[in-house]
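Text of query.txt (compact mmCIF, N, CA and C atoms) as supplied:
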```
# COMPACT_ATOMS: atom_id res chain seq x y z
N MET A 20 0.84 -1.18 0.00
CA MET A 20 0.00 0.00 0.00
C MET A 20 0.88 1.25 0.00
N THR A 21 0.69 2.13 -0.95
CA THR A 21 1.45 3.37 -1.06
C THR A 21 0.96 4.35 0.00
N PRO A 22 1.89 4.94 0.77
CA PRO A 22 1.45 5.91 1.77
C PRO A 22 0.81 7.13 1.10
N LEU A 23 -0.20 7.64 1.74
CA LEU A 23 -0.92 8.81 1.23
C LEU A 23 -0.04 10.04 1.40
N LYS A 24 0.10 10.82 0.33
CA LYS A 24 0.86 12.06 0.40
C LYS A 24 -0.10 13.18 0.80
N ILE A 25 0.18 13.81 1.91
CA ILE A 25 -0.65 14.92 2.40
C ILE A 25 -0.12 16.21 1.81
N LEU A 26 -1.02 16.97 1.22
CA LEU A 26 -0.68 18.25 0.61
C LEU A 26 -1.54 19.35 1.22
N ALA A 27 -1.14 20.60 0.98
CA ALA A 27 -1.98 21.72 1.40
C ALA A 27 -3.34 21.57 0.71
N GLY A 28 -4.40 21.74 1.46
CA GLY A 28 -5.75 21.58 0.94
C GLY A 28 -6.40 20.26 1.29
N THR A 29 -5.61 19.30 1.79
CA THR A 29 -6.16 17.99 2.16
C THR A 29 -7.11 18.13 3.35
N MET A 30 -8.31 17.62 3.18
CA MET A 30 -9.30 17.59 4.28
C MET A 30 -9.16 16.26 5.01
N MET A 31 -9.31 16.30 6.33
CA MET A 31 -9.28 15.10 7.14
C MET A 31 -10.45 15.11 8.10
N MET A 32 -11.02 13.92 8.31
CA MET A 32 -12.21 13.78 9.15
C MET A 32 -11.95 12.67 10.16
N ARG A 33 -12.45 12.86 11.36
CA ARG A 33 -12.29 11.85 12.41
C ARG A 33 -12.94 10.54 11.98
N GLU A 34 -12.26 9.45 12.23
CA GLU A 34 -12.76 8.11 11.92
C GLU A 34 -14.06 7.87 12.67
N GLY A 35 -15.01 7.21 12.03
CA GLY A 35 -16.27 6.86 12.67
C GLY A 35 -17.38 7.86 12.44
N MET A 36 -17.11 8.98 11.78
CA MET A 36 -18.17 9.94 11.45
C MET A 36 -19.08 9.31 10.42
N LEU A 37 -20.36 9.23 10.74
CA LEU A 37 -21.33 8.67 9.80
C LEU A 37 -21.96 9.80 9.01
N LEU A 38 -21.79 9.74 7.70
CA LEU A 38 -22.37 10.75 6.82
C LEU A 38 -23.54 10.16 6.06
N PRO A 39 -24.55 10.97 5.76
CA PRO A 39 -25.65 10.48 4.94
C PRO A 39 -25.15 10.01 3.57
N GLU A 40 -25.90 9.12 2.96
CA GLU A 40 -25.52 8.56 1.66
C GLU A 40 -25.21 9.66 0.64
N SER A 41 -26.02 10.73 0.62
CA SER A 41 -25.83 11.80 -0.37
C SER A 41 -24.58 12.63 -0.11
N ALA A 42 -23.98 12.52 1.07
CA ALA A 42 -22.80 13.32 1.41
C ALA A 42 -21.54 12.47 1.43
N GLN A 43 -21.63 11.24 0.97
CA GLN A 43 -20.46 10.37 0.99
C GLN A 43 -19.36 10.92 0.09
N VAL A 44 -18.14 10.88 0.57
CA VAL A 44 -16.97 11.27 -0.21
C VAL A 44 -15.96 10.14 -0.11
N GLU A 45 -15.14 10.03 -1.12
CA GLU A 45 -14.10 9.00 -1.09
C GLU A 45 -13.08 9.39 -0.03
N SER A 46 -12.63 8.41 0.72
CA SER A 46 -11.64 8.67 1.76
C SER A 46 -10.75 7.45 1.94
N CYS A 47 -9.65 7.65 2.61
CA CYS A 47 -8.78 6.52 2.94
C CYS A 47 -8.22 6.74 4.34
N PRO A 48 -7.93 5.66 5.04
CA PRO A 48 -7.42 5.80 6.41
C PRO A 48 -6.05 6.46 6.40
N TYR A 49 -5.84 7.37 7.34
CA TYR A 49 -4.53 8.01 7.49
C TYR A 49 -3.87 7.57 8.79
N SER A 50 -4.67 7.49 9.83
CA SER A 50 -4.18 7.02 11.13
C SER A 50 -5.31 6.23 11.78
N LYS A 51 -5.08 5.78 12.99
CA LYS A 51 -6.10 5.00 13.70
C LYS A 51 -7.41 5.77 13.85
N ASP A 52 -7.32 7.09 14.04
CA ASP A 52 -8.51 7.89 14.35
C ASP A 52 -8.93 8.86 13.26
N TRP A 53 -8.18 8.96 12.17
CA TRP A 53 -8.46 9.98 11.15
C TRP A 53 -8.41 9.40 9.74
N ARG A 54 -9.27 9.97 8.86
CA ARG A 54 -9.32 9.60 7.45
C ARG A 54 -9.03 10.84 6.60
N ALA A 55 -8.34 10.65 5.51
CA ALA A 55 -8.10 11.73 4.54
C ALA A 55 -9.20 11.67 3.49
N LEU A 56 -9.82 12.80 3.21
CA LEU A 56 -10.87 12.88 2.20
C LEU A 56 -10.21 13.12 0.85
N ILE A 57 -10.67 12.39 -0.16
CA ILE A 57 -10.05 12.44 -1.48
C ILE A 57 -10.88 13.33 -2.41
N GLY A 58 -10.21 14.28 -3.05
CA GLY A 58 -10.84 15.07 -4.10
C GLY A 58 -11.79 16.15 -3.65
N VAL A 59 -11.78 16.54 -2.38
CA VAL A 59 -12.64 17.64 -1.93
C VAL A 59 -11.84 18.59 -1.06
N ASP A 60 -12.16 19.87 -1.18
CA ASP A 60 -11.64 20.86 -0.25
C ASP A 60 -12.79 21.25 0.68
N SER A 61 -12.57 22.23 1.54
CA SER A 61 -13.62 22.58 2.51
C SER A 61 -14.88 23.09 1.82
N PHE A 62 -14.73 23.85 0.73
CA PHE A 62 -15.90 24.35 0.02
C PHE A 62 -16.71 23.21 -0.59
N ALA A 63 -16.03 22.30 -1.30
CA ALA A 63 -16.73 21.18 -1.94
C ALA A 63 -17.37 20.26 -0.89
N PHE A 64 -16.68 20.05 0.22
CA PHE A 64 -17.22 19.19 1.27
C PHE A 64 -18.45 19.84 1.90
N ASP A 65 -18.40 21.14 2.13
CA ASP A 65 -19.56 21.85 2.67
C ASP A 65 -20.75 21.75 1.71
N GLN A 66 -20.50 21.83 0.42
CA GLN A 66 -21.57 21.70 -0.58
C GLN A 66 -22.19 20.31 -0.51
N LYS A 67 -21.36 19.27 -0.33
CA LYS A 67 -21.89 17.90 -0.22
C LYS A 67 -22.75 17.75 1.03
N LEU A 68 -22.36 18.42 2.11
CA LEU A 68 -23.10 18.30 3.37
C LEU A 68 -24.41 19.11 3.35
N SER A 69 -24.44 20.20 2.59
CA SER A 69 -25.65 21.04 2.59
C SER A 69 -26.83 20.23 2.03
N GLY A 70 -27.96 20.39 2.64
CA GLY A 70 -29.14 19.63 2.24
C GLY A 70 -29.27 18.28 2.93
N THR A 71 -28.29 17.91 3.73
CA THR A 71 -28.36 16.63 4.45
C THR A 71 -28.71 16.83 5.92
N GLY A 72 -28.78 18.09 6.35
CA GLY A 72 -29.02 18.36 7.77
C GLY A 72 -27.72 18.53 8.54
N LEU A 73 -26.60 18.35 7.86
CA LEU A 73 -25.30 18.54 8.51
C LEU A 73 -24.67 19.83 8.02
N ARG A 74 -23.83 20.40 8.87
CA ARG A 74 -23.11 21.62 8.50
C ARG A 74 -21.63 21.44 8.81
N LEU A 75 -20.82 22.12 8.01
CA LEU A 75 -19.39 22.17 8.24
C LEU A 75 -19.05 23.55 8.81
N PHE A 76 -18.82 23.60 10.13
CA PHE A 76 -18.52 24.86 10.80
C PHE A 76 -17.02 25.11 10.77
N PHE A 77 -16.65 26.30 10.36
CA PHE A 77 -15.27 26.75 10.43
C PHE A 77 -15.03 27.36 11.79
N LEU A 78 -13.97 26.96 12.46
CA LEU A 78 -13.62 27.53 13.76
C LEU A 78 -12.46 28.50 13.56
N ALA A 79 -12.64 29.71 14.04
CA ALA A 79 -11.62 30.75 13.87
C ALA A 79 -10.31 30.32 14.51
N GLY A 80 -9.26 30.76 13.93
CA GLY A 80 -7.93 30.41 14.41
C GLY A 80 -7.37 29.27 13.59
N GLU A 81 -6.11 29.05 13.76
CA GLU A 81 -5.46 27.99 13.00
C GLU A 81 -4.44 27.33 13.90
N LEU A 82 -4.27 26.04 13.72
CA LEU A 82 -3.25 25.32 14.47
C LEU A 82 -1.94 25.39 13.71
N LYS A 83 -0.87 25.64 14.43
CA LYS A 83 0.46 25.67 13.82
C LYS A 83 1.33 24.67 14.56
N VAL A 84 2.02 23.83 13.79
CA VAL A 84 2.88 22.81 14.39
C VAL A 84 4.22 22.87 13.67
N LEU A 85 5.28 22.72 14.43
CA LEU A 85 6.63 22.68 13.90
C LEU A 85 7.24 21.33 14.27
N GLU A 86 7.80 20.64 13.31
CA GLU A 86 8.41 19.33 13.56
C GLU A 86 9.79 19.30 12.92
N PHE A 87 10.77 18.81 13.66
CA PHE A 87 12.13 18.72 13.12
C PHE A 87 12.21 17.65 12.05
N GLY A 88 12.99 17.92 11.01
CA GLY A 88 13.18 16.99 9.90
C GLY A 88 12.42 17.45 8.67
N TRP A 89 12.74 16.83 7.55
CA TRP A 89 12.06 17.10 6.29
C TRP A 89 11.57 15.80 5.71
N GLY A 90 10.65 15.88 4.81
CA GLY A 90 10.18 14.70 4.10
C GLY A 90 8.91 14.13 4.68
N PRO A 91 8.44 13.03 4.08
CA PRO A 91 7.15 12.43 4.46
C PRO A 91 7.06 12.02 5.93
N SER A 92 8.15 11.52 6.51
CA SER A 92 8.06 11.08 7.90
C SER A 92 7.90 12.27 8.85
N ALA A 93 8.55 13.40 8.55
CA ALA A 93 8.39 14.60 9.37
C ALA A 93 6.98 15.15 9.22
N VAL A 94 6.43 15.12 8.00
CA VAL A 94 5.06 15.58 7.78
C VAL A 94 4.09 14.72 8.58
N ARG A 95 4.28 13.39 8.54
CA ARG A 95 3.39 12.48 9.28
C ARG A 95 3.46 12.76 10.78
N ARG A 96 4.65 12.97 11.32
CA ARG A 96 4.78 13.28 12.75
C ARG A 96 4.08 14.60 13.08
N ALA A 97 4.24 15.59 12.21
CA ALA A 97 3.60 16.89 12.44
C ALA A 97 2.08 16.77 12.38
N ILE A 98 1.56 16.03 11.40
CA ILE A 98 0.11 15.83 11.29
C ILE A 98 -0.41 15.11 12.54
N ASN A 99 0.32 14.14 13.03
CA ASN A 99 -0.10 13.44 14.25
C ASN A 99 -0.13 14.38 15.45
N ARG A 100 0.78 15.35 15.49
CA ARG A 100 0.74 16.35 16.56
C ARG A 100 -0.48 17.24 16.42
N VAL A 101 -0.86 17.56 15.17
CA VAL A 101 -2.10 18.32 14.94
C VAL A 101 -3.28 17.53 15.47
N PHE A 102 -3.33 16.22 15.17
CA PHE A 102 -4.44 15.38 15.63
C PHE A 102 -4.54 15.39 17.15
N SER A 103 -3.42 15.32 17.85
CA SER A 103 -3.47 15.31 19.32
C SER A 103 -4.03 16.64 19.84
N ARG A 104 -3.73 17.74 19.18
CA ARG A 104 -4.30 19.02 19.59
C ARG A 104 -5.79 19.08 19.27
N LEU A 105 -6.19 18.51 18.14
CA LEU A 105 -7.61 18.50 17.78
C LEU A 105 -8.43 17.71 18.80
N ARG A 106 -7.85 16.64 19.32
CA ARG A 106 -8.53 15.83 20.33
C ARG A 106 -8.89 16.69 21.53
N LYS A 107 -7.99 17.56 21.93
CA LYS A 107 -8.23 18.44 23.08
C LYS A 107 -9.31 19.48 22.79
N LEU A 108 -9.47 19.85 21.52
CA LEU A 108 -10.46 20.86 21.14
C LEU A 108 -11.81 20.25 20.79
N ASP A 109 -11.86 18.93 20.70
CA ASP A 109 -13.10 18.20 20.38
C ASP A 109 -13.71 18.65 19.05
N VAL A 110 -12.88 18.68 18.02
CA VAL A 110 -13.38 18.93 16.67
C VAL A 110 -13.16 17.67 15.85
N ASN A 111 -13.96 17.51 14.79
CA ASN A 111 -13.93 16.26 14.04
C ASN A 111 -13.49 16.39 12.59
N CYS A 112 -12.98 17.57 12.22
CA CYS A 112 -12.58 17.77 10.83
C CYS A 112 -11.52 18.87 10.77
N MET A 113 -10.61 18.75 9.82
CA MET A 113 -9.60 19.79 9.63
C MET A 113 -9.12 19.78 8.19
N GLN A 114 -8.51 20.89 7.81
CA GLN A 114 -7.93 21.00 6.48
C GLN A 114 -6.50 21.49 6.64
N VAL A 115 -5.57 20.81 5.99
CA VAL A 115 -4.19 21.25 5.99
C VAL A 115 -4.12 22.52 5.13
N ALA A 116 -3.75 23.63 5.75
CA ALA A 116 -3.70 24.90 5.03
C ALA A 116 -2.35 25.11 4.36
N GLU A 117 -1.29 24.67 5.04
CA GLU A 117 0.05 24.90 4.50
C GLU A 117 1.03 23.88 5.06
N ILE A 118 1.92 23.42 4.21
CA ILE A 118 3.04 22.58 4.61
C ILE A 118 4.27 23.25 4.03
N LYS A 119 5.19 23.65 4.90
CA LYS A 119 6.33 24.43 4.42
C LYS A 119 7.62 23.96 5.09
N PRO A 120 8.63 23.62 4.29
CA PRO A 120 9.94 23.31 4.88
C PRO A 120 10.62 24.61 5.30
N ILE A 121 11.14 24.64 6.51
CA ILE A 121 11.84 25.83 7.01
C ILE A 121 13.07 25.37 7.77
N LYS A 122 13.89 26.34 8.17
CA LYS A 122 15.03 26.04 9.04
C LYS A 122 14.88 26.87 10.31
N VAL A 123 15.14 26.22 11.44
CA VAL A 123 15.12 26.88 12.73
C VAL A 123 16.49 26.66 13.35
N LEU A 124 17.20 27.75 13.59
CA LEU A 124 18.57 27.67 14.09
C LEU A 124 19.43 26.76 13.22
N GLY A 125 19.18 26.79 11.93
CA GLY A 125 19.95 25.99 10.98
C GLY A 125 19.50 24.55 10.84
N LEU A 126 18.50 24.14 11.62
CA LEU A 126 18.02 22.76 11.57
C LEU A 126 16.80 22.66 10.66
N PRO A 127 16.73 21.61 9.85
CA PRO A 127 15.57 21.46 8.96
C PRO A 127 14.31 21.12 9.76
N CYS A 128 13.21 21.79 9.40
CA CYS A 128 11.92 21.57 10.05
C CYS A 128 10.82 21.63 9.01
N VAL A 129 9.68 21.10 9.36
CA VAL A 129 8.48 21.27 8.55
C VAL A 129 7.45 22.00 9.42
N ALA A 130 6.84 23.03 8.83
CA ALA A 130 5.80 23.80 9.52
C ALA A 130 4.47 23.45 8.88
N ILE A 131 3.50 23.10 9.71
CA ILE A 131 2.16 22.77 9.22
C ILE A 131 1.17 23.72 9.85
N HIS A 132 0.30 24.28 9.02
CA HIS A 132 -0.80 25.12 9.47
C HIS A 132 -2.08 24.39 9.09
N ALA A 133 -3.00 24.27 10.03
CA ALA A 133 -4.26 23.56 9.79
C ALA A 133 -5.44 24.43 10.18
N ASP A 134 -6.48 24.41 9.34
CA ASP A 134 -7.73 25.09 9.65
C ASP A 134 -8.67 24.10 10.32
N LEU A 135 -9.41 24.56 11.31
CA LEU A 135 -10.28 23.70 12.11
C LEU A 135 -11.72 23.78 11.63
N PHE A 136 -12.38 22.63 11.58
CA PHE A 136 -13.79 22.54 11.20
C PHE A 136 -14.47 21.57 12.14
N HIS A 137 -15.80 21.67 12.21
CA HIS A 137 -16.58 20.70 12.97
C HIS A 137 -17.84 20.37 12.20
N ILE A 138 -18.10 19.08 12.01
CA ILE A 138 -19.30 18.61 11.31
C ILE A 138 -20.35 18.29 12.35
N GLN A 139 -21.54 18.87 12.20
CA GLN A 139 -22.63 18.60 13.14
C GLN A 139 -23.95 18.99 12.50
N SER A 140 -25.03 18.57 13.12
CA SER A 140 -26.35 19.03 12.69
C SER A 140 -26.71 20.26 13.52
N GLY A 141 -27.66 21.02 13.04
CA GLY A 141 -28.10 22.20 13.77
C GLY A 141 -27.45 23.46 13.26
N PRO A 142 -28.12 24.59 13.49
CA PRO A 142 -27.65 25.86 12.91
C PRO A 142 -26.58 26.58 13.73
N TYR A 143 -26.32 26.14 14.96
CA TYR A 143 -25.35 26.81 15.82
C TYR A 143 -24.27 25.84 16.24
N LEU A 144 -23.05 26.34 16.33
CA LEU A 144 -21.93 25.51 16.75
C LEU A 144 -22.14 25.03 18.18
N GLN A 145 -21.99 23.74 18.37
CA GLN A 145 -22.14 23.15 19.71
C GLN A 145 -21.01 23.62 20.62
N SER A 146 -21.29 23.63 21.91
CA SER A 146 -20.25 23.94 22.89
C SER A 146 -19.23 22.80 22.90
N LYS A 147 -18.10 23.06 23.51
CA LYS A 147 -17.05 22.03 23.60
C LYS A 147 -17.58 20.79 24.34
N ALA A 148 -18.36 20.99 25.39
CA ALA A 148 -18.93 19.87 26.14
C ALA A 148 -19.86 19.05 25.26
N GLN A 149 -20.69 19.72 24.45
CA GLN A 149 -21.60 18.99 23.56
C GLN A 149 -20.83 18.23 22.48
N ARG A 150 -19.76 18.86 21.94
CA ARG A 150 -18.94 18.19 20.93
C ARG A 150 -18.26 16.97 21.50
N ARG A 151 -17.86 17.06 22.76
CA ARG A 151 -17.18 15.93 23.41
C ARG A 151 -18.11 14.73 23.54
N SER A 152 -19.40 14.99 23.79
CA SER A 152 -20.35 13.88 24.01
C SER A 152 -20.79 13.22 22.70
N ASP A 153 -20.57 13.86 21.56
CA ASP A 153 -20.97 13.28 20.27
C ASP A 153 -20.02 12.21 19.80
```

Can you present the structure in this file as structure tokens?
Amino acid sequence: MTPLKILAGTMMMREGMLLPESAQVESCPYSKDWRALIGVDSFAFDQKLSGTGLRLFFLAGELKVLEFGWGPSAVRRAINRVFSRLRKLDVNCMQVAEIKPIKVLGLPCVAIHADLFHIQSGPYLQSKAQRRSD
């Protein structure tokens, strides 16, 4: 199995999210708890969800992670650090906004910026406590 290459724009959704038949998107497992969505960005995914009773809420702010090293293994470690932060925020969806190789004190690093989203029913964003119970 070829490892999935994560690029800027890749949407990821927490494993186990049940979507209505009309909102199904192709996806593949990325980690134990997360799936990468294939061929959709946040706009296209929101369009698929509209009309199903589900909404894709954008949460202001962005997660930034810095991981030492370059290449696919450094990107995977950085993405996993993003996932651990998302767990604390109780959100179920994210989009990789930027992946950039940089140097910090002369050491190679990868910087990842991720936009936060939450999939839920209802017109208002649930509180953190409500998101945790879902």

Strand (DSSP E or B) call set, DSSP backbone run, chain A, as JSON, numbers by chain: {"A": [30, 31, 32, 33, 46, 47, 48, 53, 54, 55, 56, 73, 74, 75, 76, 77, 78, 79, 80, 81, 82, 83, 84, 85, 86, 87, 112, 113, 114, 115, 116, 117, 118, 119, 120, 121, 122, 123, 126, 127, 128, 129, 130, 131, 132, 133, 134, 135, 136, 137, 138, 139, 140]}

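By only N, CA and C atoms, and with residues fewer than 3 positions from A:Val115 along its chain excluded, the set lying at most 6.5 Å from it is Leu26, Ala27, Gly28, Thr29, Met30, Met31, Ile118, His132, Ala133 and Asp134 of chain A.
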
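When only C-alpha atoms are used to measure the gap to A:Gly141, the shortest distance among A:Arg96, A:Arg74, A:Lys51, A:Lys24 belongs to A:Arg74.
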
Rank nothing, just name the residue among A:Leu23, A:Leu78, A:Met32, A:Ser146 nearest to A:Ser92, using only C-alpha atoms. A:Leu23

Scan for residues within 10 Å of the point (-30.3, 17.6, 8.2) in the coordinates of the file, using only C-alpha atoms, and reply as a tab-separated table (two decimals) with N, CA and C atoms, keeping the file's coordinate frame.
```
chain	number	residue	atom	x	y	z
A	39	PRO	N	-24.55	10.97	5.76
A	39	PRO	CA	-25.65	10.48	4.94
A	39	PRO	C	-25.15	10.01	3.57
A	68	LEU	N	-22.36	18.42	2.11
A	68	LEU	CA	-23.10	18.30	3.37
A	68	LEU	C	-24.41	19.11	3.35
A	69	SER	N	-24.44	20.20	2.59
A	69	SER	CA	-25.65	21.04	2.59
A	69	SER	C	-26.83	20.23	2.03
A	70	GLY	N	-27.96	20.39	2.64
A	70	GLY	CA	-29.14	19.63	2.24
A	70	GLY	C	-29.27	18.28	2.93
A	71	THR	N	-28.29	17.91	3.73
A	71	THR	CA	-28.36	16.63	4.45
A	71	THR	C	-28.71	16.83	5.92
A	72	GLY	N	-28.78	18.09	6.35
A	72	GLY	CA	-29.02	18.36	7.77
A	72	GLY	C	-27.72	18.53	8.54
A	73	LEU	N	-26.60	18.35	7.86
A	73	LEU	CA	-25.30	18.54	8.51
A	73	LEU	C	-24.67	19.83	8.02
A	74	ARG	N	-23.83	20.40	8.87
A	74	ARG	CA	-23.11	21.62	8.50
A	74	ARG	C	-21.63	21.44	8.81
A	139	GLN	N	-21.54	18.87	12.20
A	139	GLN	CA	-22.63	18.60	13.14
A	139	GLN	C	-23.95	18.99	12.50
A	140	SER	N	-25.03	18.57	13.12
A	140	SER	CA	-26.35	19.03	12.69
A	140	SER	C	-26.71	20.26	13.52
A	141	GLY	N	-27.66	21.02	13.04
A	141	GLY	CA	-28.10	22.20	13.77
A	141	GLY	C	-27.45	23.46	13.26
A	142	PRO	N	-28.12	24.59	13.49
A	142	PRO	CA	-27.65	25.86	12.91
A	142	PRO	C	-26.58	26.58	13.73
```

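Note that atom CA of A:Cys112 and atom CA of A:Leu135 are 6.5 Å apart.
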